$ cat query-v4.cif   # mmCIF, C-alpha atoms
data_coords
#
loop_
_atom_site.label_atom_id
_atom_site.label_comp_id
_atom_site.auth_asym_id
_atom_site.auth_seq_id
_atom_site.Cartn_x
_atom_site.Cartn_y
_atom_site.Cartn_z
CA MET A 1 3.58 90.21 116.83
CA ASN A 2 1.87 88.40 119.65
CA PHE A 3 3.07 88.41 123.21
CA PHE A 4 4.73 85.03 122.97
CA ASP A 5 6.80 85.88 119.87
CA PHE A 6 7.68 89.19 121.42
CA SER A 7 8.92 87.53 124.61
CA ILE A 8 11.13 85.18 122.61
CA THR A 9 12.57 87.89 120.38
CA TYR A 10 13.28 90.42 123.09
CA GLY A 11 13.61 88.00 126.02
CA PRO A 12 17.42 88.21 126.24
CA LYS A 13 17.33 92.01 126.37
CA PHE A 14 14.69 91.98 129.06
CA SER A 15 16.44 89.34 131.13
CA SER A 16 19.76 91.19 131.16
CA ALA A 17 17.84 94.33 132.13
CA ALA A 18 16.11 92.40 134.89
CA ILE A 19 19.53 91.44 136.22
CA THR A 20 20.49 95.13 136.32
CA THR A 21 17.27 95.87 138.22
CA ALA A 22 18.08 93.07 140.65
CA GLN A 23 21.60 94.45 141.12
CA VAL A 24 20.32 97.95 141.82
CA PHE A 25 17.83 96.44 144.24
CA VAL A 26 20.41 94.42 146.15
CA TYR A 27 22.92 97.27 146.44
CA SER A 28 20.34 99.79 147.56
CA ALA A 29 18.73 97.31 149.95
CA LEU A 30 22.10 96.74 151.62
CA LEU A 31 22.70 100.49 151.88
CA ALA A 32 19.17 101.01 153.19
CA VAL A 33 19.68 98.38 155.90
CA ILE A 34 22.95 99.98 157.04
CA ILE A 35 21.38 103.45 157.09
CA SER A 36 18.28 102.26 158.93
CA ILE A 37 20.41 100.64 161.63
CA ILE A 38 22.52 103.77 162.10
CA PHE A 39 19.65 106.25 162.12
CA GLY A 40 17.20 103.97 163.89
CA ILE A 41 19.62 103.71 166.82
CA MET A 42 20.44 107.41 166.65
CA ARG A 43 16.73 108.19 166.96
CA LEU A 44 16.73 106.34 170.29
CA SER A 45 19.86 108.03 171.60
CA LYS A 46 19.63 109.92 174.89
CA ASN A 47 21.87 112.63 173.44
CA ILE A 48 19.51 115.29 172.17
CA ILE A 49 21.85 116.44 169.36
CA ILE A 50 22.19 112.95 167.89
CA GLN A 51 18.45 112.47 168.18
CA VAL A 52 17.68 115.73 166.39
CA LEU A 53 20.20 114.92 163.65
CA ALA A 54 18.51 111.60 162.98
CA THR A 55 15.05 113.14 163.07
CA VAL A 56 16.03 115.82 160.57
CA TYR A 57 17.51 113.22 158.24
CA ILE A 58 14.45 111.00 158.44
CA GLU A 59 11.93 113.83 158.03
CA PHE A 60 13.90 115.27 155.14
CA TYR A 61 14.01 112.04 153.20
CA ARG A 62 10.44 111.09 153.96
CA GLY A 63 9.20 114.58 153.16
CA THR A 64 10.52 114.85 149.60
CA SER A 65 10.06 112.61 146.60
CA LEU A 66 12.51 109.90 145.70
CA ILE A 67 12.66 111.10 142.10
CA ILE A 68 13.63 114.60 143.19
CA GLN A 69 16.35 113.29 145.50
CA MET A 70 17.67 111.12 142.68
CA PHE A 71 17.72 113.96 140.16
CA TRP A 72 19.34 116.24 142.67
CA ILE A 73 22.11 113.75 143.37
CA TYR A 74 22.65 112.95 139.70
CA TYR A 75 22.21 116.34 138.05
CA VAL A 76 22.93 118.94 140.73
CA LEU A 77 25.83 117.44 142.70
CA PRO A 78 28.10 117.55 139.62
CA LEU A 79 27.57 121.33 139.61
CA PHE A 80 29.33 121.39 142.98
CA GLY A 81 32.18 119.36 141.54
CA ILE A 82 30.94 115.97 142.73
CA PRO A 83 30.10 113.99 139.61
CA LEU A 84 28.75 110.55 140.45
CA PRO A 85 28.32 107.64 138.05
CA ALA A 86 24.65 106.88 137.36
CA LEU A 87 24.61 103.56 139.19
CA LEU A 88 26.15 105.06 142.32
CA ALA A 89 23.76 108.02 142.23
CA GLY A 90 20.75 105.74 141.83
CA VAL A 91 21.83 103.38 144.59
CA LEU A 92 22.65 106.29 146.91
CA ALA A 93 19.26 107.92 146.34
CA LEU A 94 17.32 104.68 146.79
CA GLY A 95 19.35 103.53 149.79
CA MET A 96 19.18 106.84 151.62
CA ASN A 97 15.46 107.26 150.94
CA PHE A 98 14.46 103.78 152.05
CA GLY A 99 16.98 103.91 154.87
CA ALA A 100 14.94 106.76 156.32
CA TYR A 101 11.78 104.66 156.22
CA GLY A 102 13.65 101.64 157.55
CA ALA A 103 15.04 103.64 160.47
CA GLU A 104 11.51 104.32 161.65
CA VAL A 105 10.63 100.64 161.31
CA LEU A 106 13.69 99.65 163.32
CA ARG A 107 13.00 102.25 165.99
CA ALA A 108 9.44 100.98 166.41
CA GLY A 109 10.79 97.42 166.50
CA ILE A 110 13.27 98.14 169.28
CA LEU A 111 10.63 99.96 171.29
CA ALA A 112 8.20 97.08 170.82
CA VAL A 113 10.43 94.63 172.71
CA PRO A 114 8.74 94.45 176.12
CA LYS A 115 10.45 96.38 178.90
CA GLY A 116 10.42 93.29 181.07
CA GLN A 117 12.88 91.66 178.70
CA TRP A 118 15.43 94.43 179.29
CA GLU A 119 14.82 94.29 183.03
CA GLY A 120 15.00 90.51 183.06
CA ALA A 121 18.34 90.54 181.27
CA LEU A 122 19.58 93.14 183.72
CA ALA A 123 18.37 91.14 186.70
CA LEU A 124 20.18 88.06 185.40
CA ASN A 125 23.32 90.16 185.25
CA PHE A 126 23.92 89.71 181.53
CA SER A 127 26.62 91.92 180.07
CA LYS A 128 25.49 94.68 177.73
CA THR A 129 26.60 92.89 174.57
CA LYS A 130 25.13 89.60 175.70
CA ARG A 131 21.86 91.28 176.56
CA MET A 132 21.56 92.74 173.08
CA GLN A 133 22.88 89.65 171.32
CA ARG A 134 20.91 86.97 173.10
CA ILE A 135 17.79 88.70 174.38
CA ILE A 136 16.85 91.88 172.55
CA ILE A 137 18.00 91.50 168.95
CA PRO A 138 16.45 88.05 168.34
CA GLN A 139 13.11 89.49 169.44
CA ILE A 140 13.39 92.46 167.12
CA TYR A 141 13.46 90.39 163.93
CA PRO A 142 9.92 88.98 164.08
CA ILE A 143 8.58 92.46 164.81
CA ILE A 144 10.34 94.36 162.04
CA LEU A 145 10.35 91.76 159.27
CA PRO A 146 6.71 92.18 158.12
CA PRO A 147 6.96 95.97 157.67
CA ALA A 148 10.46 95.52 156.26
CA ALA A 149 9.02 93.15 153.65
CA ASN A 150 6.57 95.85 152.58
CA LEU A 151 9.43 98.31 152.29
CA ALA A 152 11.44 95.81 150.24
CA VAL A 153 8.65 95.53 147.68
CA GLU A 154 8.40 99.32 147.60
CA LEU A 155 12.16 99.48 147.05
CA LEU A 156 11.95 97.04 144.16
CA LYS A 157 9.26 99.23 142.62
CA GLY A 158 11.38 102.30 143.32
CA THR A 159 14.27 100.90 141.29
CA ALA A 160 12.23 101.65 138.14
CA LEU A 161 13.14 105.30 138.69
CA VAL A 162 16.82 104.69 137.97
CA SER A 163 15.83 104.35 134.30
CA LEU A 164 15.35 108.12 134.36
CA ILE A 165 19.01 108.68 135.20
CA THR A 166 20.20 106.59 132.25
CA ILE A 167 20.67 103.22 133.94
CA VAL A 168 19.66 100.43 131.56
CA ASP A 169 17.22 98.62 133.83
CA LEU A 170 13.91 96.92 133.01
CA MET A 171 11.99 100.15 132.61
CA PHE A 172 14.72 101.65 130.43
CA VAL A 173 14.73 98.66 128.09
CA ALA A 174 10.94 98.60 127.95
CA LYS A 175 10.93 102.26 126.93
CA GLN A 176 13.68 101.67 124.39
CA ILE A 177 11.94 98.72 122.74
CA ASN A 178 8.68 100.63 122.78
CA MET A 179 10.35 103.43 120.86
CA MET A 180 11.89 101.00 118.36
CA THR A 181 8.89 98.82 117.66
CA TRP A 182 5.83 100.69 118.98
CA LEU A 183 4.68 97.41 120.49
CA SER A 184 3.73 99.23 123.67
CA ALA A 185 1.41 96.63 125.13
CA GLN A 186 4.01 93.93 124.75
CA SER A 187 7.05 95.85 125.95
CA PHE A 188 5.51 97.52 128.98
CA GLY A 189 3.36 94.47 129.64
CA LEU A 190 6.40 92.22 129.74
CA ALA A 191 8.19 94.68 132.04
CA LEU A 192 5.21 94.75 134.41
CA LEU A 193 5.07 90.97 134.37
CA ILE A 194 8.76 90.64 135.21
CA TYR A 195 8.46 93.14 138.06
CA PHE A 196 5.46 91.22 139.34
CA ILE A 197 7.29 87.89 139.19
CA MET A 198 10.34 89.33 140.93
CA ALA A 199 8.22 90.76 143.73
CA ARG A 200 5.62 88.07 144.17
CA PHE A 201 7.52 84.86 143.49
CA ILE A 202 11.08 85.68 144.53
CA LEU A 203 11.26 88.57 146.98
CA VAL A 204 8.11 88.00 149.03
CA PRO A 205 8.59 84.22 149.50
CA PHE A 206 12.19 84.86 150.57
CA LEU A 207 11.10 87.41 153.16
CA ARG A 208 8.30 85.13 154.39
CA TRP A 209 10.91 82.42 154.85
CA LEU A 210 13.02 84.84 156.90
CA GLU A 211 9.97 85.71 158.99
CA VAL A 212 9.28 82.06 159.75
CA LEU A 213 12.94 81.54 160.61
CA ALA A 214 12.97 84.53 162.95
CA ALA A 215 9.73 83.47 164.63
CA LYS A 216 11.06 79.96 165.18
CA LYS A 217 14.21 81.31 166.75
CA VAL A 218 12.30 82.98 169.54
CA GLY A 219 10.02 79.98 169.92
CA ARG A 220 6.97 81.51 168.27
CA GLY A 221 6.96 79.37 165.16
CA LYS A 222 4.14 77.03 164.34
CA ALA A 223 4.98 73.61 165.73
CA MET B 1 33.43 123.98 137.91
CA TYR B 2 31.46 125.38 140.74
CA VAL B 3 28.08 126.91 140.30
CA ALA B 4 26.99 129.53 142.74
CA TRP B 5 23.42 129.90 143.88
CA ARG B 6 21.80 132.90 142.18
CA TRP B 7 19.09 134.63 144.16
CA ASP B 8 17.91 136.84 141.29
CA PHE B 9 17.30 133.76 139.18
CA THR B 10 15.60 132.06 142.12
CA PHE B 11 13.13 134.90 142.49
CA GLU B 12 12.63 135.00 138.74
CA ILE B 13 11.51 131.38 138.56
CA LEU B 14 9.76 131.19 141.93
CA PRO B 15 6.37 132.53 140.72
CA LYS B 16 6.32 130.04 137.85
CA MET B 17 7.11 127.22 140.20
CA LEU B 18 4.45 128.24 142.66
CA TRP B 19 1.91 128.28 139.84
CA ALA B 20 3.02 124.80 138.88
CA THR B 21 2.58 123.74 142.49
CA LEU B 22 -1.13 124.41 142.02
CA ASN B 23 -1.11 121.84 139.22
CA THR B 24 0.64 119.42 141.54
CA PHE B 25 -2.06 119.99 144.13
CA MET B 26 -4.72 119.43 141.50
CA ALA B 27 -3.09 116.21 140.33
CA ALA B 28 -2.75 114.94 143.89
CA GLY B 29 -6.29 115.95 144.83
CA LEU B 30 -7.95 114.51 141.75
CA GLY B 31 -5.87 111.36 141.91
CA TYR B 32 -6.75 110.91 145.54
CA ALA B 33 -10.46 111.41 144.91
CA ILE B 34 -10.38 108.74 142.21
CA ALA B 35 -8.28 106.43 144.38
CA ALA B 36 -10.72 106.79 147.27
CA VAL B 37 -13.58 105.56 145.08
CA VAL B 38 -11.55 102.87 143.30
CA GLY B 39 -10.32 101.66 146.68
CA LEU B 40 -13.89 101.26 147.83
CA LEU B 41 -14.72 99.20 144.74
CA PHE B 42 -11.64 97.01 145.22
CA MET B 43 -12.50 96.52 148.88
CA LEU B 44 -16.09 95.57 148.11
CA GLY B 45 -14.87 93.28 145.34
CA GLN B 46 -12.62 91.47 147.77
CA ARG B 47 -15.28 91.18 150.43
CA THR B 48 -18.02 89.71 148.25
CA PRO B 49 -18.68 86.05 149.02
CA TYR B 50 -18.66 85.14 145.32
CA LYS B 51 -15.44 83.37 144.48
CA PHE B 52 -15.41 84.39 140.83
CA VAL B 53 -15.42 88.03 141.93
CA ASN B 54 -13.21 88.12 144.99
CA VAL B 55 -10.38 85.89 143.72
CA PRO B 56 -9.73 87.89 140.51
CA THR B 57 -10.08 91.17 142.41
CA ARG B 58 -7.49 90.05 144.94
CA GLU B 59 -5.11 89.01 142.16
CA ILE B 60 -5.56 92.30 140.32
CA VAL B 61 -4.93 94.25 143.50
CA GLU B 62 -1.85 92.15 144.20
CA PHE B 63 -0.55 92.73 140.69
CA ILE B 64 -1.05 96.49 140.75
CA ARG B 65 0.49 96.75 144.21
CA SER B 66 3.67 94.93 143.32
CA THR B 67 4.53 96.67 140.06
CA PRO B 68 6.02 100.17 139.74
CA LEU B 69 3.77 103.16 139.22
CA LEU B 70 6.20 104.50 136.62
CA VAL B 71 5.81 101.44 134.38
CA GLN B 72 2.05 101.50 134.83
CA LEU B 73 1.94 105.14 133.77
CA PHE B 74 3.77 104.36 130.55
CA PHE B 75 1.65 101.28 129.99
CA VAL B 76 -1.60 103.22 130.21
CA TYR B 77 -0.31 106.21 128.27
CA PHE B 78 1.09 104.19 125.37
CA VAL B 79 -1.20 101.19 125.23
CA ALA B 80 -4.60 102.89 125.41
CA PRO B 81 -4.14 104.54 121.97
CA GLN B 82 -3.55 101.10 120.45
CA PHE B 83 -7.10 100.26 121.40
CA GLY B 84 -8.34 103.44 119.78
CA LEU B 85 -8.50 105.29 123.06
CA THR B 86 -6.24 108.33 122.91
CA LEU B 87 -5.87 109.58 126.46
CA SER B 88 -4.23 112.87 127.26
CA ALA B 89 -1.33 112.82 129.69
CA TRP B 90 -3.57 114.18 132.42
CA VAL B 91 -6.29 111.60 131.94
CA SER B 92 -3.94 108.64 131.85
CA ALA B 93 -2.05 110.00 134.84
CA MET B 94 -5.20 110.39 136.91
CA PHE B 95 -6.44 106.97 135.85
CA THR B 96 -3.16 105.28 136.78
CA ILE B 97 -2.74 107.09 140.09
CA GLY B 98 -6.34 106.30 140.97
CA LEU B 99 -5.88 102.64 140.19
CA HIS B 100 -2.49 102.31 141.88
CA TYR B 101 -3.42 104.06 145.10
CA GLY B 102 -6.90 102.58 144.99
CA THR B 103 -5.31 99.22 145.75
CA TYR B 104 -3.52 100.70 148.75
CA LEU B 105 -6.64 102.44 150.01
CA SER B 106 -8.66 99.25 149.64
CA GLU B 107 -6.29 97.69 152.16
CA VAL B 108 -6.79 100.63 154.50
CA TYR B 109 -10.57 100.30 154.24
CA ARG B 110 -10.40 96.56 154.76
CA GLY B 111 -8.22 96.96 157.85
CA ALA B 112 -10.58 99.59 159.22
CA LEU B 113 -13.67 97.45 158.74
CA GLU B 114 -11.94 94.47 160.29
CA GLY B 115 -10.88 96.72 163.16
CA VAL B 116 -14.51 97.02 164.24
CA PRO B 117 -15.08 94.19 166.71
CA ARG B 118 -17.25 91.30 165.56
CA THR B 119 -19.39 91.69 168.64
CA GLN B 120 -20.67 94.99 167.27
CA TRP B 121 -22.10 93.14 164.30
CA GLU B 122 -23.56 90.48 166.53
CA ALA B 123 -25.15 93.06 168.80
CA CYS B 124 -26.78 94.75 165.81
CA ARG B 125 -28.02 91.39 164.67
CA ALA B 126 -29.48 90.77 168.10
CA LEU B 127 -31.17 94.18 168.06
CA ASN B 128 -32.62 93.35 164.64
CA PHE B 129 -31.03 96.32 162.86
CA SER B 130 -31.03 96.18 159.08
CA THR B 131 -27.67 95.76 157.31
CA SER B 132 -27.67 99.29 155.92
CA TYR B 133 -28.60 100.73 159.31
CA THR B 134 -25.81 98.71 160.92
CA TYR B 135 -23.31 100.05 158.41
CA ARG B 136 -24.46 103.64 158.58
CA LYS B 137 -24.96 104.05 162.28
CA ILE B 138 -22.76 101.46 163.97
CA VAL B 139 -19.93 100.11 161.82
CA LEU B 140 -18.81 102.99 159.60
CA PRO B 141 -18.64 105.58 162.39
CA GLN B 142 -16.30 103.22 164.22
CA ALA B 143 -14.33 102.20 161.14
CA PHE B 144 -13.71 105.72 159.89
CA PRO B 145 -11.38 106.87 162.70
CA ILE B 146 -9.30 103.73 162.21
CA ALA B 147 -8.94 104.53 158.51
CA ILE B 148 -7.93 108.17 158.97
CA PRO B 149 -4.17 107.72 159.53
CA GLY B 150 -3.79 105.29 156.63
CA MET B 151 -5.81 107.51 154.33
CA GLY B 152 -3.75 110.51 155.33
CA ASN B 153 -0.48 108.71 154.75
CA TYR B 154 -1.50 107.81 151.23
CA LEU B 155 -2.58 111.37 150.55
CA VAL B 156 0.99 112.42 151.30
CA GLY B 157 2.18 109.41 149.31
CA ILE B 158 0.24 110.50 146.21
CA PHE B 159 1.50 114.03 146.63
CA LYS B 160 5.08 112.77 146.69
CA ASP B 161 4.51 110.55 143.66
CA THR B 162 3.14 113.33 141.45
CA PRO B 163 6.64 114.20 140.10
CA LEU B 164 6.51 110.87 138.29
CA LEU B 165 3.72 112.29 136.15
CA ALA B 166 6.26 114.65 134.58
CA THR B 167 7.70 111.66 132.71
CA ILE B 168 4.59 111.40 130.54
CA GLY B 169 4.27 115.16 130.22
CA VAL B 170 1.87 116.34 132.91
CA ALA B 171 2.86 119.95 133.50
CA GLU B 172 3.24 119.90 137.25
CA LEU B 173 5.98 121.19 139.52
CA PHE B 174 8.75 118.81 138.55
CA PHE B 175 7.95 119.14 134.86
CA THR B 176 8.20 122.91 135.19
CA ALA B 177 11.54 122.59 136.97
CA ASN B 178 12.83 120.39 134.17
CA SER B 179 11.73 122.74 131.43
CA LEU B 180 13.08 125.80 133.28
CA GLY B 181 16.36 123.94 133.61
CA ALA B 182 16.42 123.02 129.95
CA TYR B 183 15.58 126.60 128.97
CA THR B 184 18.15 128.36 131.12
CA TYR B 185 20.77 125.62 131.57
CA ARG B 186 20.51 126.12 135.32
CA TYR B 187 19.31 123.08 137.19
CA LEU B 188 20.57 123.92 140.66
CA GLU B 189 17.85 126.39 141.61
CA PRO B 190 14.81 124.69 139.98
CA TYR B 191 15.57 121.25 141.43
CA THR B 192 16.43 122.62 144.85
CA LEU B 193 13.25 124.71 144.89
CA VAL B 194 11.18 121.65 144.02
CA GLY B 195 12.70 119.84 146.97
CA ILE B 196 12.06 122.77 149.32
CA ILE B 197 8.46 123.19 148.16
CA PHE B 198 7.80 119.50 148.72
CA LEU B 199 9.39 119.62 152.17
CA VAL B 200 7.43 122.70 153.19
CA ILE B 201 4.16 121.05 152.22
CA SER B 202 4.58 117.42 153.14
CA VAL B 203 6.44 117.60 156.46
CA PRO B 204 3.74 119.63 158.26
CA THR B 205 1.04 117.48 156.65
CA ALA B 206 2.74 114.29 157.79
CA MET B 207 3.14 115.72 161.28
CA GLY B 208 -0.52 116.66 161.36
CA ILE B 209 -1.46 113.15 160.34
CA ARG B 210 0.73 111.67 163.05
CA ARG B 211 -0.98 113.85 165.64
CA LEU B 212 -4.34 112.82 164.26
CA GLU B 213 -3.24 109.20 164.53
CA ALA B 214 -2.24 109.68 168.14
CA ALA B 215 -5.56 111.38 168.87
CA VAL B 216 -7.45 108.54 167.20
CA ASN B 217 -5.51 105.91 169.12
CA LYS B 218 -6.19 107.76 172.34
CA ALA B 219 -9.88 108.09 171.58
CA GLN B 220 -9.98 104.39 170.85
CA GLY B 221 -8.36 103.66 174.16
CA LYS B 222 -5.19 102.23 172.68
CA ALA B 223 -1.84 103.00 174.21
CA ASN B 224 0.69 104.92 172.17
CA ILE B 225 3.59 102.76 171.11
#

$ encode --input "query-v4.cif" --output "structure tokens"
Amino acid sequence: MNFFDFSITYGPKFSSAAITTAQVFVYSALLAVIISIIFGIMRLSKNIIIQVLATVYIEFYRGTSLIIQMFWIYYVLPLFGIPLPALLAGVLALGMNFGAYGAEVLRAGILAVPKGQWEGALALNFSKTKRMQRIIIPQIYPIILPPAANLAVELLKGTALVSLITIVDLMFVAKQINMMTWLSAQSFGLALLIYFIMARFILVPFLRWLEVLAAKKVGRGKA
Amino acid sequence: MYVAWRWDFTFEILPKMLWATLNTFMAAGLGYAIAAVVGLLFMLGQRTPYKFVNVPTREIVEFIRSTPLLVQLFFVYFVAPQFGLTLSAWVSAMFTIGLHYGTYLSEVYRGALEGVPRTQWEACRALNFSTSYTYRKIVLPQAFPIAIPGMGNYLVGIFKDTPLLATIGVAELFFTANSLGAYTYRYLEPYTLVGIIFLVISVPTAMGIRRLEAAVNKAQGKANI
């Protein structure tokens, strides 16, 4: 069976699996963003306890493997009486892991806003919320979006791991069809191709668009 | 149903797990060595002025970088035999890790070379140094410190990705934890130990790399952000 026939025969299975992958990606990306905001700000807190808490969290998640965290959440937590459905376990593991990386990105982004901007806002007697809303936050976006885009692609690649905790995503379906037909080149090749298309032609252009938007907003866009 | 932590069991499996850690080290080390060389090839391929070399290389690098390592592992492991090339789990794992991280390292190398100011090249030109002399004595010594942090980060990255190799049957730490779990029906201790072993190794390494990075930045006269 050539690649074209294979794609037509198994296309529907692969496309529904791709939708699952996309779902896992979106959920865990949202969770990762929330976690990076919380821990990124905690890292910058003046309270030493909060700062240490955030540092421990970040070092812990960056120091161990995603696959181990996922297996621990899915297979070990039930032993403590906390059974989690596979999708929730996968999303939790991905979101918490990438949240730790994102927190560092956000921290660096906040620190990269020039000090003069804070002082300027203070000198103009802006309120605290207005200072953040109008001056600081708009300048953070162009700084953090490029590294965040890298992380997003890594996250999309990371979603392949949820196949190991029984979620029927692209990788799972590819493995399944490989077992059924032994057309390994076609099944894994098609999976690779779909991952590539999702990353290169959907995710990355979207993030580039966001980058341009953010740069324009602070007047750094190309005229 | 609560499961209590059992210390006797922990100490029973600990030696086995530490042995398996050696395999993990071997996988990470070998994979990194291959990736370092492959990265160099990819970097050179992208820097050649010939369009029919650098365009395909860039596309290949882009493709490998944006697809999951897990799928690539299975692809190599299952597809190679169809072309009459039966690779053992170890060989296909090392090949895939080398290729995957080679693309990342090629970016590190490229960034490092581009980090050397153009004027250095021009000065060498003006002093009539040969290209190889320029590389050996002027450019590479300046590029290497820039590459150190990136190279170190990917060493830790490879180390943390080695558990994926268990999925195709490379007997490293995570594989051992899985089989111990399957054998004894106790997953709590093996999985937790794997996590602790990884933490104990990769956190100090990552910290060391960060200090190295700071030292490099300082030596280069760049301010710490």

$ resolve_selection --input "query-v4.cif" --expression "the PyMOL selection byres ((chain B and resi 25-31) around 9)" --output "PyMOL selection string"
chain B and resi 20-24+32-36+90+93-99+101+155-156+158-162+165+170+172

$ resolve_selection --input "query-v4.cif" --expression "the PyMOL selection byres ((chain A) within 8 of (chain B))" --output "PyMOL selection string"
chain A and resi 59-60+63-65+67-69+71-72+75-76+79-81+108+111-112+153-154+157-158+160-161+171+184-185+188-189+191-192+195-196+199-200

$ closest_residue --input "query-v4.cif" --among "A:Leu213, A:Met198, A:Leu66, A:Leu30" --to "A:Ala18" --atoms "only C-alpha atoms"
A:Met198

$ resolve_selection --input "query-v4.cif" --expression "the PyMOL selection byres ((chain A and resi 33) around 9)" --output "CSV table (one decimal) with C-alpha atoms, in the coordinates of the input"
chain,number,residue,atom,x,y,z
A,28,SER,CA,20.3,99.8,147.6
A,29,ALA,CA,18.7,97.3,150.0
A,30,LEU,CA,22.1,96.7,151.6
A,31,LEU,CA,22.7,100.5,151.9
A,32,ALA,CA,19.2,101.0,153.2
A,34,ILE,CA,23.0,100.0,157.0
A,35,ILE,CA,21.4,103.4,157.1
A,36,SER,CA,18.3,102.3,158.9
A,37,ILE,CA,20.4,100.6,161.6
A,38,ILE,CA,22.5,103.8,162.1
A,95,GLY,CA,19.4,103.5,149.8
A,98,PHE,CA,14.5,103.8,152.0
A,99,GLY,CA,17.0,103.9,154.9
A,102,GLY,CA,13.6,101.6,157.6
A,103,ALA,CA,15.0,103.6,160.5

$ closest_residue --input "query-v4.cif" --among "A:Ala121, A:Ile194, A:Val26, A:Leu151" --to "A:Ile136" --atoms "all atoms listed in the file"
A:Ala121

$ closest_residue --input "query-v4.cif" --among "A:Lys175, A:Lys115, A:Lys130, A:Lys46" --to "A:Ala17" --atoms "only C-alpha atoms"
A:Lys175

$ atom_distance --input "query-v4.cif" --atom1 "atom CA of A:Pro142" --atom2 "atom CA of A:Pro114"
13.3 Å

$ residues_near_point --input "query-v4.cif" --point "(18.3, 90.1, 179.4)" --cutoff "12 Å" --atoms "all atoms listed in the file" --output "PyMOL selection string"
chain A and resi 113-139
